[in-house]
Amino acid sequence: MKREDIDQLLAEVGALDCKTQKEVEDARVRLLGKKGSITALFEEFRTVDKDQKKEFGRPLNELKQAAMAKIDELKENAADDGSSDGPKEDLSMPGDGLPLGSRHPVSIVRQQIVDIFRKFGYDVAEGPEIEDDHHVFEALNFPPNHPARDMQDTFFVSAGHLNPILLRTHTSSVQVRAMETMKLPIRVICPGRVFRNEAISARAHCIFHQVEGLYIDENVTFADLKQALLLFAREMFGPETSIRMRPSYFPFTEPSTEVDVSCNICHGKGCNVCKGTGWLEILGAGMVDPNVLEASGIDSKKYSGFAFGMGLERIAMLKWQVNDLRHYFENDMRFLGEFETAPEV
Ligand code: DAH
């Protein structure tokens with residue numbers, strides 16, 4: 001190894017001048033590449049005698065540093081001729097649009113219901129999905145041995161104490177929470193997920209969604225309930241819609257009713273959606289049982305109220321004639337894409 005070789009290359013590095021990125025890259029390969037001249041000197045250095053290593057080691061390293069610094073400097077200053085790795089596209093071009101998703105049918109229906117009742121002056125309230133027996137059953141006047149408390153229907157989280165913890169089986173639990181915490185008069189709707197220990201089929205699922213409604217004030221009557229539900233049905237299913245109330249039973253309302261809307265597909269003539277009856281059942285309702293008011297500390301002599309509850313999957317099924325509940329939960333893009341496109345945020 002000769003000192004001149006190092007000095008000569010150092011001079012070469014110092015004099016290096018490149019106009020384009022390609023020239024810089026060529027120079028880098030010539031000097032520092034696998035077969036580059038500086039790399040070759042390092043190879044040669046390995047065979048140098050031990051006592052000579054000191055003499056060549058430092059200048060050799062300095063040469064390498066100088067070459068790398070020079071290449072970096074040239075790279076920065078050379079004209080971009082398209083040979084560098086940098087972006088080749090025209091960055092001022094407008095970007096590709098992202099395809100918009102669509103909202104889930106259950107979300108669409110929930111939003112419609114919330115919007116309608118907001119117009120009527122209702123607030124929206126939410127409550128926990130993991131609830132206790134008190135809010136789901138006890139305060140709603142379910143007798144201790146009522147079948148709905150049965151293990152068959154209810155998912156228990158911890159069953160072994162006085163007030164078991166469970167997954168709520170209906171959003172009526174939120175009306176109890178509203179009665180406990182809100183100032184009278186109360187006007188709320190409570191949308192949310194509910195859970196029941198059901199075998200999954202086209203008509204039943206272990207998770208579904210409900211909206212609960214509650215109105216408590218002085219002098220609230222069954223006529224008010226009927227009027228509220230008629231107005232709701234007409235907003236939801238169209239101005240021609242009529243409703244029909246059939247007597248029913250719920251532990252938390254007295255009297256209780258199941259409410260049908262006129263079939264908006266056949267307009268009462270009878271079709272396979274309404275199974276030839278001209279009517280579609282959409283919700284349960286009634287006057288809040290005085291026991292329920294009292295259980296949450298409301299004076300049932302002074303106040304009365306009505307409540308109603310409906311299943312969102314069912315309403316969406318009627319609206320879009322979905323024939324299998326399982327579609328809602330399977331995230332099949334072909335199904336989800338059938339519904340209104342989400343608005344741009
Ligand atoms: N909680 C009932 C259910 O899950 C629905 C319901 C019926 C709610 C009548 C009410 C009501 O508030 O008054 O089937």
# chains A, B, ... in the order shown; residues from 1 in each chain; ligands from 1
$ closest_atom_pairs --of "range 119-188 of chain A" --to "range 247-251 of chain A" --cutoff "10 Å" --atoms "only C-alpha atoms" --output "CSV"
residue,atom,partner,partner_atom,distance
A:Phe137,CA,A:Pro251,CA,9.1
A:Leu140,CA,A:Pro251,CA,6.8
A:Asn141,CA,A:Pro251,CA,5.6
A:Phe142,CA,A:Pro251,CA,5.6
A:Pro143,CA,A:Pro251,CA,8.0
A:His146,CA,A:Pro251,CA,9.3
$ write_last_selection --atoms "all heavy atoms" --output "PDB file, in the first residue's frame"
ATOM      1  N   PHE A 137     -85.437  -5.675  36.033  1.00  0.00           N
ATOM      2  CA  PHE A 137     -86.661  -6.408  36.411  1.00  0.00           C
ATOM      3  C   PHE A 137     -87.380  -5.824  37.620  1.00  0.00           C
ATOM      4  O   PHE A 137     -88.552  -5.461  37.544  1.00  0.00           O
ATOM      5  CB  PHE A 137     -86.316  -7.876  36.685  1.00  0.00           C
ATOM      6  CG  PHE A 137     -85.769  -8.602  35.483  1.00  0.00           C
ATOM      7  CD1 PHE A 137     -84.575  -9.302  35.550  1.00  0.00           C
ATOM      8  CD2 PHE A 137     -86.468  -8.612  34.276  1.00  0.00           C
ATOM      9  CE1 PHE A 137     -84.078  -9.988  34.445  1.00  0.00           C
ATOM     10  CE2 PHE A 137     -85.979  -9.287  33.165  1.00  0.00           C
ATOM     11  CZ  PHE A 137     -84.775  -9.980  33.253  1.00  0.00           C
ATOM     12  N   LEU A 140     -89.186  -2.637  37.582  1.00  0.00           N
ATOM     13  CA  LEU A 140     -90.180  -2.614  36.507  1.00  0.00           C
ATOM     14  C   LEU A 140     -91.335  -3.571  36.811  1.00  0.00           C
ATOM     15  O   LEU A 140     -92.062  -3.982  35.909  1.00  0.00           O
ATOM     16  CB  LEU A 140     -89.525  -2.962  35.165  1.00  0.00           C
ATOM     17  CG  LEU A 140     -88.645  -1.847  34.586  1.00  0.00           C
ATOM     18  CD1 LEU A 140     -87.743  -2.374  33.468  1.00  0.00           C
ATOM     19  CD2 LEU A 140     -89.500  -0.693  34.048  1.00  0.00           C
ATOM     20  N   ASN A 141     -91.448  -3.921  38.107  1.00  0.00           N
ATOM     21  CA  ASN A 141     -92.621  -4.665  38.550  1.00  0.00           C
ATOM     22  C   ASN A 141     -92.679  -6.106  38.050  1.00  0.00           C
ATOM     23  O   ASN A 141     -93.768  -6.651  37.882  1.00  0.00           O
ATOM     24  CB  ASN A 141     -93.883  -3.892  38.101  1.00  0.00           C
ATOM     25  CG  ASN A 141     -95.103  -4.244  38.923  1.00  0.00           C
ATOM     26  OD1 ASN A 141     -95.000  -4.523  40.123  1.00  0.00           O
ATOM     27  ND2 ASN A 141     -96.277  -4.244  38.285  1.00  0.00           N
ATOM     28  N   PHE A 142     -91.491  -6.667  37.749  1.00  0.00           N
ATOM     29  CA  PHE A 142     -91.486  -8.093  37.396  1.00  0.00           C
ATOM     30  C   PHE A 142     -91.602  -8.896  38.682  1.00  0.00           C
ATOM     31  O   PHE A 142     -90.761  -8.747  39.575  1.00  0.00           O
ATOM     32  CB  PHE A 142     -90.164  -8.471  36.712  1.00  0.00           C
ATOM     33  CG  PHE A 142     -90.108  -8.158  35.257  1.00  0.00           C
ATOM     34  CD1 PHE A 142     -89.828  -6.866  34.827  1.00  0.00           C
ATOM     35  CD2 PHE A 142     -90.330  -9.145  34.302  1.00  0.00           C
ATOM     36  CE1 PHE A 142     -89.761  -6.573  33.473  1.00  0.00           C
ATOM     37  CE2 PHE A 142     -90.264  -8.859  32.946  1.00  0.00           C
ATOM     38  CZ  PHE A 142     -89.980  -7.555  32.529  1.00  0.00           C
ATOM     39  N   PRO A 143     -92.617  -9.736  38.794  1.00  0.00           N
ATOM     40  CA  PRO A 143     -92.704 -10.575  39.997  1.00  0.00           C
ATOM     41  C   PRO A 143     -91.452 -11.459  40.107  1.00  0.00           C
ATOM     42  O   PRO A 143     -90.831 -11.776  39.087  1.00  0.00           O
ATOM     43  CB  PRO A 143     -93.944 -11.438  39.736  1.00  0.00           C
ATOM     44  CG  PRO A 143     -94.665 -10.800  38.616  1.00  0.00           C
ATOM     45  CD  PRO A 143     -93.678 -10.000  37.833  1.00  0.00           C
ATOM     46  N   HIS A 146     -90.979 -14.323  37.615  1.00  0.00           N
ATOM     47  CA  HIS A 146     -91.396 -14.071  36.220  1.00  0.00           C
ATOM     48  C   HIS A 146     -90.463 -14.813  35.251  1.00  0.00           C
ATOM     49  O   HIS A 146     -89.238 -14.802  35.425  1.00  0.00           O
ATOM     50  CB  HIS A 146     -91.357 -12.572  35.943  1.00  0.00           C
ATOM     51  CG  HIS A 146     -92.048 -12.188  34.665  1.00  0.00           C
ATOM     52  ND1 HIS A 146     -91.464 -12.364  33.438  1.00  0.00           N
ATOM     53  CD2 HIS A 146     -93.279 -11.664  34.436  1.00  0.00           C
ATOM     54  CE1 HIS A 146     -92.310 -11.957  32.501  1.00  0.00           C
ATOM     55  NE2 HIS A 146     -93.413 -11.522  33.090  1.00  0.00           N
TER      56      HIS A 146
END
$ select_by_dssp --residues "range 119-339 of chain A" --states "strand (DSSP E)" --output "PyMOL selection string"
chain A and resi 123-124+130-132+156-158+165-167+186-195+207-217+243-250+253-262+279-288+304-311
$ atom_distance --atom1 "CA of Ser158 in chain A" --atom2 "atom 2 (C, counted along the ligand's line) of ligand 1"
22.8 Å
$ residues_near_ligand --ligand "ligand 1" --cutoff "6 Å" --atoms "only C-alpha atoms and all ligand atoms" --output "VMD selection string"
chain A and resid 170 172 212 253 284 to 286 307 to 309
$ write_last_selection --atoms "C-alpha atoms" --output "PDB file, in the first residue's frame"
ATOM      1  CA  HIS A 170     -84.485  -4.581  27.173  1.00  0.00           C
ATOM      2  CA  SER A 172     -86.726  -0.380  29.698  1.00  0.00           C
ATOM      3  CA  GLU A 212     -87.448   2.907  24.709  1.00  0.00           C
ATOM      4  CA  THR A 253     -97.484  -0.922  32.140  1.00  0.00           C
ATOM      5  CA  GLY A 284     -95.197  -2.441  22.820  1.00  0.00           C
ATOM      6  CA  ALA A 285     -96.518   0.365  24.983  1.00  0.00           C
ATOM      7  CA  GLY A 286     -98.756   1.310  27.865  1.00  0.00           C
ATOM      8  CA  ALA A 307     -93.854   4.200  27.925  1.00  0.00           C
ATOM      9  CA  PHE A 308     -93.188   2.360  24.728  1.00  0.00           C
ATOM     10  CA  GLY A 309     -90.453   0.130  23.355  1.00  0.00           C
TER      11      GLY A 309
END
$ closest_residue --among "A:Thr241, A:Ala79, A:Val194, A:Asn264" --to "Lys22 in chain A" --atoms "only C-alpha atoms"
A:Ala79
$ closest_atom_pairs --of "range 131-238 of chain A" --to "range 313-324 of chain A" --cutoff "10 Å" --atoms "only C-alpha atoms" --output "Markdown table"
| residue | atom | partner | partner_atom | distance |
| --- | --- | --- | --- | --- |
| A:Ser201 | CA | A:Asp324 | CA | 7.8 |
| A:Ala202 | CA | A:Asp324 | CA | 4.3 |
| A:Arg203 | CA | A:Asp324 | CA | 6.5 |
| A:Ala204 | CA | A:Asp324 | CA | 9.0 |
| A:His205 | CA | A:Glu313 | CA | 9.9 |
| A:Phe208 | CA | A:Glu313 | CA | 6.8 |
| A:His209 | CA | A:Glu313 | CA | 6.6 |
| A:Gln210 | CA | A:Glu313 | CA | 8.1 |
| A:Met236 | CA | A:Lys319 | CA | 9.4 |
| A:Phe237 | CA | A:Lys319 | CA | 8.0 |
$ write_last_selection --atoms "N, CA and C atoms" --output "mmCIF file, in the first residue's frame"
data_model
loop_
_atom_site.group_PDB
_atom_site.id
_atom_site.type_symbol
_atom_site.label_atom_id
_atom_site.label_comp_id
_atom_site.auth_asym_id
_atom_site.auth_seq_id
_atom_site.Cartn_x
_atom_site.Cartn_y
_atom_site.Cartn_z
ATOM 1 N N SER A 201 -81.435 -17.302 14.713
ATOM 2 C CA SER A 201 -82.166 -17.784 13.539
ATOM 3 C C SER A 201 -82.543 -16.577 12.686
ATOM 4 N N ALA A 202 -83.340 -16.817 11.650
ATOM 5 C CA ALA A 202 -83.751 -15.707 10.779
ATOM 6 C C ALA A 202 -84.588 -14.688 11.546
ATOM 7 N N ARG A 203 -85.245 -15.121 12.617
ATOM 8 C CA ARG A 203 -86.165 -14.227 13.324
ATOM 9 C C ARG A 203 -85.734 -13.894 14.752
ATOM 10 N N ALA A 204 -84.604 -14.425 15.195
ATOM 11 C CA ALA A 204 -84.165 -14.130 16.568
ATOM 12 C C ALA A 204 -82.648 -14.028 16.606
ATOM 13 N N HIS A 205 -82.164 -13.166 17.487
ATOM 14 C CA HIS A 205 -80.709 -13.038 17.644
ATOM 15 C C HIS A 205 -80.427 -12.759 19.114
ATOM 16 N N PHE A 208 -79.641 -7.484 19.920
ATOM 17 C CA PHE A 208 -80.397 -6.619 19.005
ATOM 18 C C PHE A 208 -80.546 -5.238 19.633
ATOM 19 N N HIS A 209 -81.277 -4.372 18.968
ATOM 20 C CA HIS A 209 -81.347 -2.971 19.416
ATOM 21 C C HIS A 209 -82.796 -2.552 19.656
ATOM 22 N N GLN A 210 -82.960 -1.748 20.683
ATOM 23 C CA GLN A 210 -84.300 -1.225 20.967
ATOM 24 C C GLN A 210 -84.234 0.282 21.162
ATOM 25 N N MET A 236 -92.540 8.211 10.490
ATOM 26 C CA MET A 236 -91.615 7.114 10.186
ATOM 27 C C MET A 236 -92.010 6.382 8.911
ATOM 28 N N PHE A 237 -93.317 6.113 8.755
ATOM 29 C CA PHE A 237 -93.739 5.248 7.642
ATOM 30 C C PHE A 237 -94.552 5.989 6.576
#
$ residues_around --residues "Leu63 in chain A" --least-positions-apart "2" --cutoff "9 Å" --atoms "only C-alpha atoms" --output "CSV table (one decimal) with all heavy atoms, in the first residue's frame"
chain,number,residue,atom,x,y,z
A,6,ILE,N,-3.7,7.0,-1.5
A,6,ILE,CA,-4.7,7.6,-0.7
A,6,ILE,C,-4.8,9.1,-1.0
A,6,ILE,O,-5.9,9.6,-1.2
A,6,ILE,CB,-4.3,7.4,0.8
A,6,ILE,CG1,-4.3,5.9,1.2
A,6,ILE,CG2,-5.3,8.2,1.7
A,6,ILE,CD1,-3.9,5.6,2.6
A,7,ASP,N,-3.7,9.7,-1.1
A,7,ASP,CA,-3.7,11.2,-1.4
A,7,ASP,C,-4.3,11.5,-2.7
A,7,ASP,O,-5.0,12.5,-2.9
A,7,ASP,CB,-2.2,11.7,-1.3
A,7,ASP,CG,-1.7,11.7,0.1
A,7,ASP,OD1,-2.6,11.6,1.0
A,7,ASP,OD2,-0.5,11.7,0.3
A,9,LEU,N,-6.5,9.8,-4.3
A,9,LEU,CA,-8.0,9.6,-4.3
A,9,LEU,C,-8.6,10.8,-3.5
A,9,LEU,O,-9.7,11.3,-3.9
A,9,LEU,CB,-8.4,8.3,-3.6
A,9,LEU,CG,-8.4,7.1,-4.6
A,9,LEU,CD1,-8.6,5.8,-3.8
A,9,LEU,CD2,-9.5,7.3,-5.6
A,10,LEU,N,-7.9,11.2,-2.5
A,10,LEU,CA,-8.4,12.4,-1.7
A,10,LEU,C,-8.5,13.6,-2.6
A,10,LEU,O,-9.6,14.3,-2.5
A,10,LEU,CB,-7.5,12.7,-0.5
A,10,LEU,CG,-8.1,13.5,0.6
A,10,LEU,CD1,-9.3,12.8,1.2
A,10,LEU,CD2,-7.0,13.7,1.7
A,13,VAL,N,-11.5,13.1,-4.9
A,13,VAL,CA,-12.8,13.4,-4.1
A,13,VAL,C,-13.0,14.9,-4.0
A,13,VAL,O,-14.1,15.5,-4.3
A,13,VAL,CB,-12.7,12.8,-2.7
A,13,VAL,CG1,-13.8,13.4,-1.8
A,13,VAL,CG2,-12.9,11.3,-2.8
A,38,ILE,N,-12.0,3.2,-3.3
A,38,ILE,CA,-11.7,3.4,-1.9
A,38,ILE,C,-11.9,2.0,-1.2
A,38,ILE,O,-11.1,1.6,-0.4
A,38,ILE,CB,-12.6,4.5,-1.3
A,38,ILE,CG1,-12.2,5.8,-1.9
A,38,ILE,CG2,-12.5,4.5,0.3
A,38,ILE,CD1,-13.1,7.0,-1.4
A,58,ARG,N,-5.6,5.7,9.7
A,58,ARG,CA,-6.3,7.0,9.9
A,58,ARG,C,-6.6,7.7,8.6
A,58,ARG,O,-7.7,8.1,8.3
A,58,ARG,CB,-5.5,7.9,10.8
A,58,ARG,CG,-6.2,9.2,11.1
A,58,ARG,CD,-5.2,10.2,11.7
A,58,ARG,NE,-5.1,9.9,13.1
A,58,ARG,CZ,-5.4,10.7,14.1
A,58,ARG,NH1,-5.9,11.9,13.7
A,58,ARG,NH2,-5.3,10.4,15.3
A,59,PRO,N,-5.5,7.9,7.7
A,59,PRO,CA,-5.8,8.6,6.4
A,59,PRO,C,-6.9,7.9,5.6
A,59,PRO,O,-7.7,8.5,4.9
A,59,PRO,CB,-4.5,8.7,5.7
A,59,PRO,CG,-3.5,7.9,6.5
A,59,PRO,CD,-4.1,7.6,7.8
A,60,LEU,N,-6.8,6.6,5.7
A,60,LEU,CA,-7.8,5.8,4.9
A,60,LEU,C,-9.3,6.1,5.4
A,60,LEU,O,-10.2,6.4,4.6
A,60,LEU,CB,-7.5,4.3,5.1
A,60,LEU,CG,-8.0,3.4,4.0
A,60,LEU,CD1,-7.5,3.9,2.6
A,60,LEU,CD2,-7.4,2.0,4.2
A,61,ASN,N,-9.4,6.1,6.7
A,61,ASN,CA,-10.7,6.5,7.3
A,61,ASN,C,-11.1,7.9,6.9
A,61,ASN,O,-12.3,8.1,6.6
A,61,ASN,CB,-10.7,6.3,8.8
A,61,ASN,CG,-11.1,4.9,9.2
A,61,ASN,OD1,-11.9,4.3,8.5
A,61,ASN,ND2,-10.4,4.3,10.2
A,65,GLN,N,-14.5,9.1,4.9
A,65,GLN,CA,-15.4,10.1,5.5
A,65,GLN,C,-15.6,11.3,4.5
A,65,GLN,O,-16.7,11.7,4.2
A,65,GLN,CB,-14.9,10.7,6.8
A,65,GLN,CG,-14.8,9.7,8.0
A,65,GLN,CD,-16.2,9.1,8.3
A,65,GLN,OE1,-17.2,9.8,8.1
A,65,GLN,NE2,-16.2,7.9,8.8
A,66,ALA,N,-14.5,11.7,3.9
A,66,ALA,CA,-14.5,12.8,3.0
A,66,ALA,C,-15.3,12.5,1.8
A,66,ALA,O,-16.1,13.3,1.3
A,66,ALA,CB,-13.1,13.2,2.6
A,67,ALA,N,-15.1,11.3,1.3
A,67,ALA,CA,-15.9,10.8,0.1
A,67,ALA,C,-17.4,10.8,0.4
A,67,ALA,O,-18.2,11.3,-0.4
A,67,ALA,CB,-15.4,9.5,-0.4
A,68,MET,N,-17.7,10.3,1.5
A,68,MET,CA,-19.2,10.2,1.9
A,68,MET,C,-19.8,11.5,2.0
A,68,MET,O,-20.9,11.8,1.5
A,68,MET,CB,-19.4,9.3,3.1
A,68,MET,CG,-19.1,7.9,2.9
A,68,MET,SD,-19.7,6.7,4.1
A,68,MET,CE,-19.4,7.4,5.6
$ select_by_dssp --residues "range 219-291 of chain A" --states "alpha helix (DSSP H)" --output "JSON, numbers by chain"
{"A": [222, 223, 224, 225, 226, 227, 228, 229, 230, 231, 232, 233, 234, 235, 236, 237, 290, 291]}
$ atom_distance --atom1 "CA of Lys269 in chain A" --atom2 "CA of Lys226 in chain A"
23.9 Å
$ closest_residue --among "A:Val29, A:Leu98, A:Cys274, A:Met245" --to "Leu230 in chain A" --atoms "only C-alpha atoms"
A:Met245
$ decode --residues "range 315-338 of chain A" --atoms "N, CA and C atoms" --output "compact mmCIF listing (two decimals), in the first residue's frame"
# COMPACT_ATOMS: atom_id res chain seq x y z
N ILE A 315 -87.98 -2.95 12.78
CA ILE A 315 -88.45 -1.82 11.98
C ILE A 315 -87.66 -1.72 10.67
N ALA A 316 -86.34 -1.96 10.77
CA ALA A 316 -85.53 -1.92 9.54
C ALA A 316 -85.94 -3.05 8.59
N MET A 317 -86.33 -4.20 9.16
CA MET A 317 -86.79 -5.33 8.32
C MET A 317 -88.03 -4.95 7.54
N LEU A 318 -88.94 -4.25 8.24
CA LEU A 318 -90.19 -3.85 7.58
C LEU A 318 -89.91 -2.78 6.53
N LYS A 319 -89.03 -1.88 6.88
CA LYS A 319 -88.74 -0.75 5.98
C LYS A 319 -88.10 -1.22 4.68
N TRP A 320 -87.16 -2.14 4.79
CA TRP A 320 -86.42 -2.56 3.59
C TRP A 320 -86.72 -4.01 3.18
N GLN A 321 -87.70 -4.60 3.84
CA GLN A 321 -88.08 -5.99 3.57
C GLN A 321 -86.89 -6.94 3.66
N VAL A 322 -86.14 -6.80 4.72
CA VAL A 322 -85.04 -7.73 5.00
C VAL A 322 -85.67 -8.99 5.57
N ASN A 323 -85.30 -10.16 5.05
CA ASN A 323 -86.02 -11.35 5.49
C ASN A 323 -85.25 -12.21 6.49
N ASP A 324 -84.05 -11.79 6.84
CA ASP A 324 -83.28 -12.60 7.78
C ASP A 324 -82.48 -11.69 8.71
N LEU A 325 -82.75 -11.82 10.00
CA LEU A 325 -82.12 -10.97 11.02
C LEU A 325 -80.59 -11.09 11.00
N ARG A 326 -80.10 -12.26 10.60
CA ARG A 326 -78.65 -12.51 10.66
C ARG A 326 -77.87 -11.59 9.74
N HIS A 327 -78.54 -11.09 8.67
CA HIS A 327 -77.84 -10.18 7.75
C HIS A 327 -77.25 -8.97 8.49
N TYR A 328 -77.94 -8.53 9.52
CA TYR A 328 -77.52 -7.31 10.22
C TYR A 328 -76.17 -7.47 10.91
N PHE A 329 -75.79 -8.70 11.19
CA PHE A 329 -74.61 -8.91 12.04
C PHE A 329 -73.45 -9.56 11.30
N GLU A 330 -73.64 -9.86 10.02
CA GLU A 330 -72.62 -10.64 9.33
C GLU A 330 -71.61 -9.80 8.55
N ASN A 331 -71.84 -8.50 8.48
CA ASN A 331 -70.91 -7.58 7.82
C ASN A 331 -70.60 -7.99 6.38
N ASP A 332 -71.60 -8.50 5.69
CA ASP A 332 -71.43 -8.81 4.27
C ASP A 332 -71.55 -7.50 3.49
N MET A 333 -70.46 -7.16 2.79
CA MET A 333 -70.44 -5.86 2.11
C MET A 333 -71.56 -5.71 1.09
N ARG A 334 -71.98 -6.84 0.50
CA ARG A 334 -73.06 -6.75 -0.50
C ARG A 334 -74.35 -6.30 0.15
N PHE A 335 -74.57 -6.75 1.40
CA PHE A 335 -75.77 -6.33 2.13
C PHE A 335 -75.62 -4.89 2.61
N LEU A 336 -74.47 -4.60 3.23
CA LEU A 336 -74.29 -3.27 3.83
C LEU A 336 -74.33 -2.16 2.78
N GLY A 337 -73.87 -2.49 1.56
CA GLY A 337 -73.83 -1.48 0.50
C GLY A 337 -75.20 -1.15 -0.08
N GLU A 338 -76.24 -1.88 0.35
CA GLU A 338 -77.59 -1.67 -0.19
C GLU A 338 -78.25 -0.41 0.34
